[in-house]
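The structure appears right after this line, and notes come after that.
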Amino acid sequence: MAKMYNYRGMEAERYDCLDELSDFEDLAFFQWFVDAVEGPVLDLGCGTGRILLPLAEAGKEVVGLDGSPAMLEVCAQRLEDCDSGVRERVTLVEGDMRDFDLGQGRFGSILVPGFSIQMLLGDEELDACLACCRRHLKEEGQLILPTHMPWEMIWDGRKRSPLEERKRVELEEARELLVAYQGWEIDPLQQRLDLKNRIERLDEKGRLLEAEDKEMSIRWHLPHEMMMRLAEAGFSDVSVYGDFEFEPPEADSESVVFLARV
């Protein structure tokens, strides 16, 4: 299998202030389901700990696995600011979400927040990840798997867009400005979105101090496709929710969340 996309550089260091995942009110949704099942939690693709840390603060034992050393370093730094009880409940592991071994049948819940599952572009990669998750869940365990539908691009009418400003953040402590740009190209038939991202760091007078260009791709699946793959991976009970609400997805739901039980 090809090497997965690896967050690094400014993209990882400034992820928390540039990402748009906080726009999705998903933490309460994860928390509700995690609280319903006993056992430790695996945060697969934990990144900088956006979901991991609140779960640990709420008393859960959490293992965070990520393929990016830079993201794990940021998460570890954030963890240092937590009290000792929280730190004792968290284990961070560098690993590949398609192939990991943390103890068969160990976890009550596995989360894949941040739509990280969509970075697996090939069916064989997705199937390998789902099978690995199934092996790591105890009996009556659950996999919570959110996916994102890029309706904005699908309905745009264009096949591609040049770089456009996506977000700007003032770093008051450094008297600097971060500006994020994004361009894209979409293939609706292949259900694939190719993204071009640029981050610029500017001083207070607008002079460029640093720039970083990255390219990444994501793939989306329609609900019936994902449900079929979950069944093939050994999950026997799958529910589907929309936009982190406790209701089925609508036709235009931006987020489709799969709750798969063993």
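Here, A, B, ... name the chains of the structure tokens in the order displayed, residue numbers run from 1 inside each chain, and ligands are numbered from 1 in the same displayed order.
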
Go through region 65-116 of chain A residue by residue and, counting only C-alpha atoms, keep those with an atom at most 10 Å from region 258-262 of chain A; for each kept residue give the shortest atom pair and its distance in Å to one decimal, ordered by chain and increasing number, as CSV.
residue,atom,partner,partner_atom,distance
A:Gly108,CA,A:Arg261,CA,10.0
A:Ser109,CA,A:Arg261,CA,9.2
A:Ile110,CA,A:Ala260,CA,9.8
A:Leu111,CA,A:Leu259,CA,9.6

Give me the residues of region 102-150 of chain A that have any atom at most 12 Å from an atom of region 181-197 of chain A; for each, the nearest atom pair and the distance in Å, rounded to one decimal. Use only C-alpha atoms, sort by chain and number, and format it as JSON lines.
{"residue": "A:Gln118", "atom": "CA", "partner": "A:Arg192", "partner_atom": "CA", "distance": 9.4}
{"residue": "A:Met119", "atom": "CA", "partner": "A:Arg192", "partner_atom": "CA", "distance": 10.0}
{"residue": "A:Leu120", "atom": "CA", "partner": "A:Arg192", "partner_atom": "CA", "distance": 10.7}
{"residue": "A:Leu121", "atom": "CA", "partner": "A:Arg192", "partner_atom": "CA", "distance": 8.1}
{"residue": "A:Gly122", "atom": "CA", "partner": "A:Arg192", "partner_atom": "CA", "distance": 10.6}
{"residue": "A:Asp123", "atom": "CA", "partner": "A:Gln190", "partner_atom": "CA", "distance": 11.9}
{"residue": "A:His148", "atom": "CA", "partner": "A:Leu193", "partner_atom": "CA", "distance": 11.3}
{"residue": "A:Met149", "atom": "CA", "partner": "A:Gln191", "partner_atom": "CA", "distance": 9.6}
{"residue": "A:Pro150", "atom": "CA", "partner": "A:Leu193", "partner_atom": "CA", "distance": 8.2}

Writing out the chosen residues with C-alpha atoms as a short mmCIF file (atom, residue, chain, number, x, y, z; two decimals), in the first residue's frame:
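Resulting contents of selection_24.cif:
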data_model
loop_
_atom_site.label_atom_id
_atom_site.label_comp_id
_atom_site.auth_asym_id
_atom_site.auth_seq_id
_atom_site.Cartn_x
_atom_site.Cartn_y
_atom_site.Cartn_z
CA GLN A 118 -11.38 9.48 3.61
CA MET A 119 -7.64 9.79 3.14
CA LEU A 120 -7.68 6.07 2.30
CA LEU A 121 -8.07 6.30 -1.46
CA GLY A 122 -8.10 2.62 -2.42
CA ASP A 123 -10.76 0.08 -1.52
CA HIS A 148 -17.79 14.25 4.82
CA MET A 149 -19.71 14.87 1.61
CA PRO A 150 -18.12 17.76 -0.35
#

Excluding same-chain residues fewer than 3 positions from Gly95 (chain A), what lies within 12 Å of it counting only C-alpha atoms, as a short mmCIF file (atom, residue, chain, number, x, y, z; two decimals) with all heavy atoms, in the first residue's frame?
data_model
loop_
_atom_site.label_atom_id
_atom_site.label_comp_id
_atom_site.auth_asym_id
_atom_site.auth_seq_id
_atom_site.Cartn_x
_atom_site.Cartn_y
_atom_site.Cartn_z
N LYS A 3 2.27 5.00 0.78
CA LYS A 3 2.44 5.71 2.03
C LYS A 3 1.33 6.73 2.19
O LYS A 3 0.95 7.42 1.24
CB LYS A 3 3.81 6.41 2.05
CG LYS A 3 4.19 6.99 3.40
CD LYS A 3 5.61 7.53 3.37
CE LYS A 3 6.01 8.09 4.73
NZ LYS A 3 7.40 8.60 4.74
N MET A 4 0.80 6.85 3.41
CA MET A 4 -0.29 7.79 3.66
C MET A 4 0.21 9.22 3.73
O MET A 4 1.39 9.47 4.00
CB MET A 4 -1.01 7.43 4.96
CG MET A 4 -1.90 6.21 4.86
SD MET A 4 -2.97 6.03 6.30
CE MET A 4 -3.97 7.54 6.19
N ASN A 6 1.14 12.66 5.18
CA ASN A 6 1.77 12.93 6.47
C ASN A 6 1.76 14.43 6.75
O ASN A 6 2.39 15.21 6.03
CB ASN A 6 3.20 12.40 6.46
CG ASN A 6 3.82 12.37 7.85
OD1 ASN A 6 3.20 12.79 8.83
ND2 ASN A 6 5.04 11.89 7.93
N ASP A 43 -8.63 6.46 19.60
CA ASP A 43 -8.83 7.61 18.71
C ASP A 43 -7.88 7.40 17.55
O ASP A 43 -6.67 7.62 17.65
CB ASP A 43 -8.51 8.91 19.47
CG ASP A 43 -8.80 10.15 18.64
OD1 ASP A 43 -8.89 10.05 17.41
OD2 ASP A 43 -8.89 11.24 19.24
N LEU A 44 -8.43 6.97 16.43
CA LEU A 44 -7.64 6.58 15.26
C LEU A 44 -7.48 7.79 14.34
O LEU A 44 -8.46 8.27 13.77
CB LEU A 44 -8.33 5.42 14.54
CG LEU A 44 -7.53 4.60 13.55
CD1 LEU A 44 -6.29 4.00 14.20
CD2 LEU A 44 -8.41 3.49 12.96
N GLY A 45 -6.25 8.28 14.22
CA GLY A 45 -6.02 9.54 13.52
C GLY A 45 -6.25 10.68 14.48
O GLY A 45 -6.95 11.66 14.17
N CYS A 46 -5.67 10.57 15.68
CA CYS A 46 -5.97 11.51 16.77
C CYS A 46 -5.46 12.91 16.52
O CYS A 46 -5.91 13.86 17.14
CB CYS A 46 -5.42 10.97 18.08
SG CYS A 46 -3.60 10.88 18.16
N GLY A 47 -4.47 13.06 15.63
CA GLY A 47 -3.95 14.40 15.33
C GLY A 47 -3.41 15.10 16.56
O GLY A 47 -2.64 14.52 17.34
N VAL A 63 -6.36 5.75 23.88
CA VAL A 63 -5.14 5.56 23.10
C VAL A 63 -5.30 6.38 21.82
O VAL A 63 -6.31 6.26 21.13
CB VAL A 63 -4.91 4.09 22.75
CG1 VAL A 63 -3.69 3.93 21.84
CG2 VAL A 63 -4.72 3.26 24.02
N GLY A 64 -4.33 7.21 21.52
CA GLY A 64 -4.35 8.01 20.30
C GLY A 64 -3.31 7.51 19.33
O GLY A 64 -2.12 7.46 19.66
N LEU A 65 -3.74 7.11 18.14
CA LEU A 65 -2.82 6.63 17.11
C LEU A 65 -2.84 7.58 15.93
O LEU A 65 -3.91 7.99 15.48
CB LEU A 65 -3.20 5.22 16.67
CG LEU A 65 -2.27 4.53 15.65
CD1 LEU A 65 -2.20 3.02 15.92
CD2 LEU A 65 -2.72 4.78 14.20
N ASP A 66 -1.67 7.93 15.45
CA ASP A 66 -1.57 8.82 14.28
C ASP A 66 -0.29 8.49 13.53
O ASP A 66 0.70 8.05 14.13
CB ASP A 66 -1.57 10.29 14.71
CG ASP A 66 -2.03 11.21 13.58
OD1 ASP A 66 -1.21 11.48 12.67
OD2 ASP A 66 -3.19 11.64 13.60
N GLY A 67 -0.30 8.72 12.23
CA GLY A 67 0.87 8.45 11.41
C GLY A 67 1.82 9.61 11.30
O GLY A 67 2.89 9.49 10.70
N SER A 68 1.46 10.78 11.89
CA SER A 68 2.29 11.98 11.78
C SER A 68 3.02 12.24 13.09
O SER A 68 2.39 12.63 14.08
CB SER A 68 1.43 13.19 11.42
OG SER A 68 2.14 14.39 11.62
N PRO A 69 4.35 12.09 13.12
CA PRO A 69 5.10 12.43 14.33
C PRO A 69 4.90 13.88 14.75
O PRO A 69 4.85 14.19 15.95
CB PRO A 69 6.55 12.15 13.95
CG PRO A 69 6.48 11.19 12.81
CD PRO A 69 5.23 11.55 12.07
N LEU A 72 1.56 14.24 16.55
CA LEU A 72 1.65 13.62 17.87
C LEU A 72 2.46 14.48 18.83
O LEU A 72 2.17 14.53 20.03
CB LEU A 72 2.26 12.22 17.75
CG LEU A 72 1.37 11.15 17.13
CD1 LEU A 72 2.16 9.86 16.93
CD2 LEU A 72 0.13 10.89 17.98
N LEU A 92 -0.09 7.68 23.55
CA LEU A 92 0.05 8.11 22.16
C LEU A 92 0.94 7.13 21.42
O LEU A 92 1.99 6.72 21.93
CB LEU A 92 0.65 9.52 22.09
CG LEU A 92 -0.16 10.63 22.77
CD1 LEU A 92 0.55 11.97 22.61
CD2 LEU A 92 -1.58 10.71 22.20
N ARG A 98 -4.08 1.66 8.75
CA ARG A 98 -4.43 0.50 7.94
C ARG A 98 -3.87 -0.80 8.50
O ARG A 98 -4.29 -1.90 8.09
CB ARG A 98 -3.92 0.70 6.51
CG ARG A 98 -4.44 1.95 5.83
CD ARG A 98 -3.66 2.28 4.58
NE ARG A 98 -2.25 2.59 4.90
CZ ARG A 98 -1.34 2.95 3.99
NH1 ARG A 98 -1.71 3.05 2.72
NH2 ARG A 98 -0.11 3.21 4.34
N ASP A 99 -2.90 -0.69 9.41
CA ASP A 99 -2.22 -1.88 9.91
C ASP A 99 -1.58 -1.57 11.25
O ASP A 99 -0.48 -1.05 11.31
CB ASP A 99 -1.16 -2.34 8.90
CG ASP A 99 -0.46 -3.62 9.32
OD1 ASP A 99 -1.01 -4.33 10.18
OD2 ASP A 99 0.64 -3.89 8.80
N PHE A 100 -2.28 -1.89 12.33
CA PHE A 100 -1.75 -1.62 13.66
C PHE A 100 -2.12 -2.79 14.58
O PHE A 100 -3.07 -3.54 14.31
CB PHE A 100 -2.29 -0.30 14.22
CG PHE A 100 -3.79 -0.19 14.27
CD1 PHE A 100 -4.49 -0.55 15.42
CD2 PHE A 100 -4.50 0.26 13.16
CE1 PHE A 100 -5.87 -0.45 15.46
CE2 PHE A 100 -5.90 0.36 13.21
CZ PHE A 100 -6.57 0.00 14.36
N ASP A 101 -1.38 -2.94 15.67
CA ASP A 101 -1.62 -4.03 16.62
C ASP A 101 -1.47 -3.48 18.04
O ASP A 101 -0.36 -3.29 18.52
CB ASP A 101 -0.65 -5.19 16.38
CG ASP A 101 -0.95 -6.38 17.28
OD1 ASP A 101 -1.92 -6.31 18.06
OD2 ASP A 101 -0.21 -7.38 17.21
N LEU A 102 -2.60 -3.22 18.68
CA LEU A 102 -2.61 -2.67 20.03
C LEU A 102 -3.26 -3.61 21.03
O LEU A 102 -3.52 -3.22 22.17
CB LEU A 102 -3.34 -1.32 20.04
CG LEU A 102 -2.80 -0.25 19.08
CD1 LEU A 102 -3.73 0.96 19.06
CD2 LEU A 102 -1.39 0.17 19.48
N CYS A 129 -8.24 -1.12 6.96
CA CYS A 129 -8.48 -0.32 8.16
C CYS A 129 -9.70 -0.83 8.91
O CYS A 129 -9.66 -1.01 10.14
CB CYS A 129 -8.66 1.15 7.78
SG CYS A 129 -9.04 2.24 9.19
#

_Those of region 163-262 of chain A in DSSP alpha helix (DSSP H), formatted as a list of chain:residue names_ = A:Pro223, A:His224, A:Glu225, A:Met226, A:Met227, A:Met228, A:Arg229, A:Leu230, A:Ala231, A:Glu232

Go ahead and write the selection's residues with C-alpha atoms as a PDB file, in the first residue's frame.
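Writing the result to result26.pdb gives the following:
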ATOM      1  CA  PRO A 223     -23.920   5.369   2.574  1.00  0.00           C
ATOM      2  CA  HIS A 224     -24.831   2.053   0.956  1.00  0.00           C
ATOM      3  CA  GLU A 225     -21.219   1.563  -0.184  1.00  0.00           C
ATOM      4  CA  MET A 226     -19.790   2.142   3.283  1.00  0.00           C
ATOM      5  CA  MET A 227     -22.409  -0.048   4.918  1.00  0.00           C
ATOM      6  CA  MET A 228     -21.498  -2.882   2.553  1.00  0.00           C
ATOM      7  CA  ARG A 229     -17.796  -2.561   3.404  1.00  0.00           C
ATOM      8  CA  LEU A 230     -18.522  -2.469   7.118  1.00  0.00           C
ATOM      9  CA  ALA A 231     -20.563  -5.653   6.794  1.00  0.00           C
ATOM     10  CA  GLU A 232     -17.761  -7.336   4.863  1.00  0.00           C
TER      11      GLU A 232
END

*asked:* Report as a ChimeraX atom specification all protein, DNA and RNA residues lying within 12 Å of Pro54 (chain A), evaluated on only C-alpha atoms, omitting residues in the same chain fewer than 3 positions from it.
replied: /A:26-28,30-31,34,43,46,48-51,57-62,78-79,82,86-87,89-90

*Mind checking DSSP for region 1-226 of chain A and telling me the strand (DSSP E or B) residues as a ChimeraX atom specification?*
/A:41-44,62-66,90-94,96,99,107-111,137-148,160-171,176-187,192-203,208-219

*In Å, with one decimal, what is the gap from CA of Trp32 (chain A) to CA of Leu55 (chain A)?*
10.5 Å

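Pairwise distance (CA of Val41 (chain A), CA of Glu13 (chain A)) equals 25.1 Å.
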
Mind checking which residues fall within 10 Å of Leu171 (chain A), counting only C-alpha atoms, ignoring those fewer than 5 positions away in the same chain, and posting them as a PDB file with all heavy atoms, in the first residue's frame?
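Final output, selection-v4.pdb:
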ATOM      1  N   CYS A  17      -5.207  26.108  14.824  1.00  0.00           N
ATOM      2  CA  CYS A  17      -5.807  27.413  14.534  1.00  0.00           C
ATOM      3  C   CYS A  17      -6.266  27.544  13.081  1.00  0.00           C
ATOM      4  O   CYS A  17      -7.043  28.450  12.762  1.00  0.00           O
ATOM      5  CB  CYS A  17      -4.845  28.550  14.900  1.00  0.00           C
ATOM      6  SG  CYS A  17      -3.295  28.576  13.997  1.00  0.00           S
ATOM      7  N   GLU A 176       2.222  38.229  14.065  1.00  0.00           N
ATOM      8  CA  GLU A 176       2.282  37.681  12.714  1.00  0.00           C
ATOM      9  C   GLU A 176       0.879  37.292  12.260  1.00  0.00           C
ATOM     10  O   GLU A 176      -0.071  37.264  13.049  1.00  0.00           O
ATOM     11  CB  GLU A 176       3.210  36.459  12.677  1.00  0.00           C
ATOM     12  CG  GLU A 176       4.667  36.780  12.937  1.00  0.00           C
ATOM     13  CD  GLU A 176       5.531  35.547  12.967  1.00  0.00           C
ATOM     14  OE1 GLU A 176       4.998  34.406  12.911  1.00  0.00           O
ATOM     15  OE2 GLU A 176       6.767  35.699  13.053  1.00  0.00           O
ATOM     16  N   LEU A 177       0.778  36.961  10.978  1.00  0.00           N
ATOM     17  CA  LEU A 177      -0.500  36.585  10.381  1.00  0.00           C
ATOM     18  C   LEU A 177      -0.310  35.296   9.587  1.00  0.00           C
ATOM     19  O   LEU A 177       0.654  35.153   8.834  1.00  0.00           O
ATOM     20  CB  LEU A 177      -0.998  37.697   9.461  1.00  0.00           C
ATOM     21  CG  LEU A 177      -2.322  37.455   8.718  1.00  0.00           C
ATOM     22  CD1 LEU A 177      -3.488  37.448   9.697  1.00  0.00           C
ATOM     23  CD2 LEU A 177      -2.534  38.533   7.646  1.00  0.00           C
ATOM     24  N   LEU A 178      -1.224  34.353   9.782  1.00  0.00           N
ATOM     25  CA  LEU A 178      -1.262  33.141   8.980  1.00  0.00           C
ATOM     26  C   LEU A 178      -2.417  33.248   7.993  1.00  0.00           C
ATOM     27  O   LEU A 178      -3.535  33.601   8.368  1.00  0.00           O
ATOM     28  CB  LEU A 178      -1.469  31.902   9.846  1.00  0.00           C
ATOM     29  CG  LEU A 178      -0.329  31.440  10.745  1.00  0.00           C
ATOM     30  CD1 LEU A 178      -0.779  30.233  11.558  1.00  0.00           C
ATOM     31  CD2 LEU A 178       0.911  31.097   9.934  1.00  0.00           C
ATOM     32  N   ARG A 201       2.962  32.622   6.148  1.00  0.00           N
ATOM     33  CA  ARG A 201       3.187  33.316   7.420  1.00  0.00           C
ATOM     34  C   ARG A 201       3.760  34.696   7.106  1.00  0.00           C
ATOM     35  O   ARG A 201       4.800  34.808   6.448  1.00  0.00           O
ATOM     36  CB  ARG A 201       4.153  32.513   8.302  1.00  0.00           C
ATOM     37  CG  ARG A 201       4.360  33.104   9.695  1.00  0.00           C
ATOM     38  CD  ARG A 201       5.072  32.106  10.611  1.00  0.00           C
ATOM     39  NE  ARG A 201       6.408  31.798  10.130  1.00  0.00           N
ATOM     40  CZ  ARG A 201       7.517  32.464  10.506  1.00  0.00           C
ATOM     41  NH1 ARG A 201       7.427  33.500  11.345  1.00  0.00           N
ATOM     42  NH2 ARG A 201       8.705  32.106  10.041  1.00  0.00           N
ATOM     43  N   LEU A 202       3.052  35.716   7.547  1.00  0.00           N
ATOM     44  CA  LEU A 202       3.405  37.096   7.223  1.00  0.00           C
ATOM     45  C   LEU A 202       3.739  37.866   8.494  1.00  0.00           C
ATOM     46  O   LEU A 202       3.201  37.585   9.573  1.00  0.00           O
ATOM     47  CB  LEU A 202       2.238  37.791   6.510  1.00  0.00           C
ATOM     48  CG  LEU A 202       1.595  37.047   5.329  1.00  0.00           C
ATOM     49  CD1 LEU A 202       0.362  37.800   4.855  1.00  0.00           C
ATOM     50  CD2 LEU A 202       2.589  36.867   4.194  1.00  0.00           C
ATOM     51  N   ASP A 203       4.611  38.849   8.360  1.00  0.00           N
ATOM     52  CA  ASP A 203       4.887  39.693   9.524  1.00  0.00           C
ATOM     53  C   ASP A 203       3.815  40.775   9.622  1.00  0.00           C
ATOM     54  O   ASP A 203       2.881  40.831   8.809  1.00  0.00           O
ATOM     55  CB  ASP A 203       6.307  40.277   9.471  1.00  0.00           C
ATOM     56  CG  ASP A 203       6.506  41.283   8.334  1.00  0.00           C
ATOM     57  OD1 ASP A 203       5.502  41.733   7.738  1.00  0.00           O
ATOM     58  OD2 ASP A 203       7.667  41.626   8.037  1.00  0.00           O
ATOM     59  N   GLU A 204       3.934  41.652  10.612  1.00  0.00           N
ATOM     60  CA  GLU A 204       2.901  42.648  10.863  1.00  0.00           C
ATOM     61  C   GLU A 204       2.746  43.657   9.729  1.00  0.00           C
ATOM     62  O   GLU A 204       1.723  44.338   9.625  1.00  0.00           O
ATOM     63  CB  GLU A 204       3.199  43.384  12.170  1.00  0.00           C
ATOM     64  CG  GLU A 204       4.552  44.082  12.187  1.00  0.00           C
ATOM     65  CD  GLU A 204       4.837  44.714  13.543  1.00  0.00           C
ATOM     66  OE1 GLU A 204       3.892  45.256  14.159  1.00  0.00           O
ATOM     67  OE2 GLU A 204       5.989  44.659  13.990  1.00  0.00           O
TER      68      GLU A 204
END

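The closest residue to Asp96 (chain A), picked from A:Val240, A:Ala36, A:Trp155, A:Ala2 and counting only C-alpha atoms, is A:Ala2.
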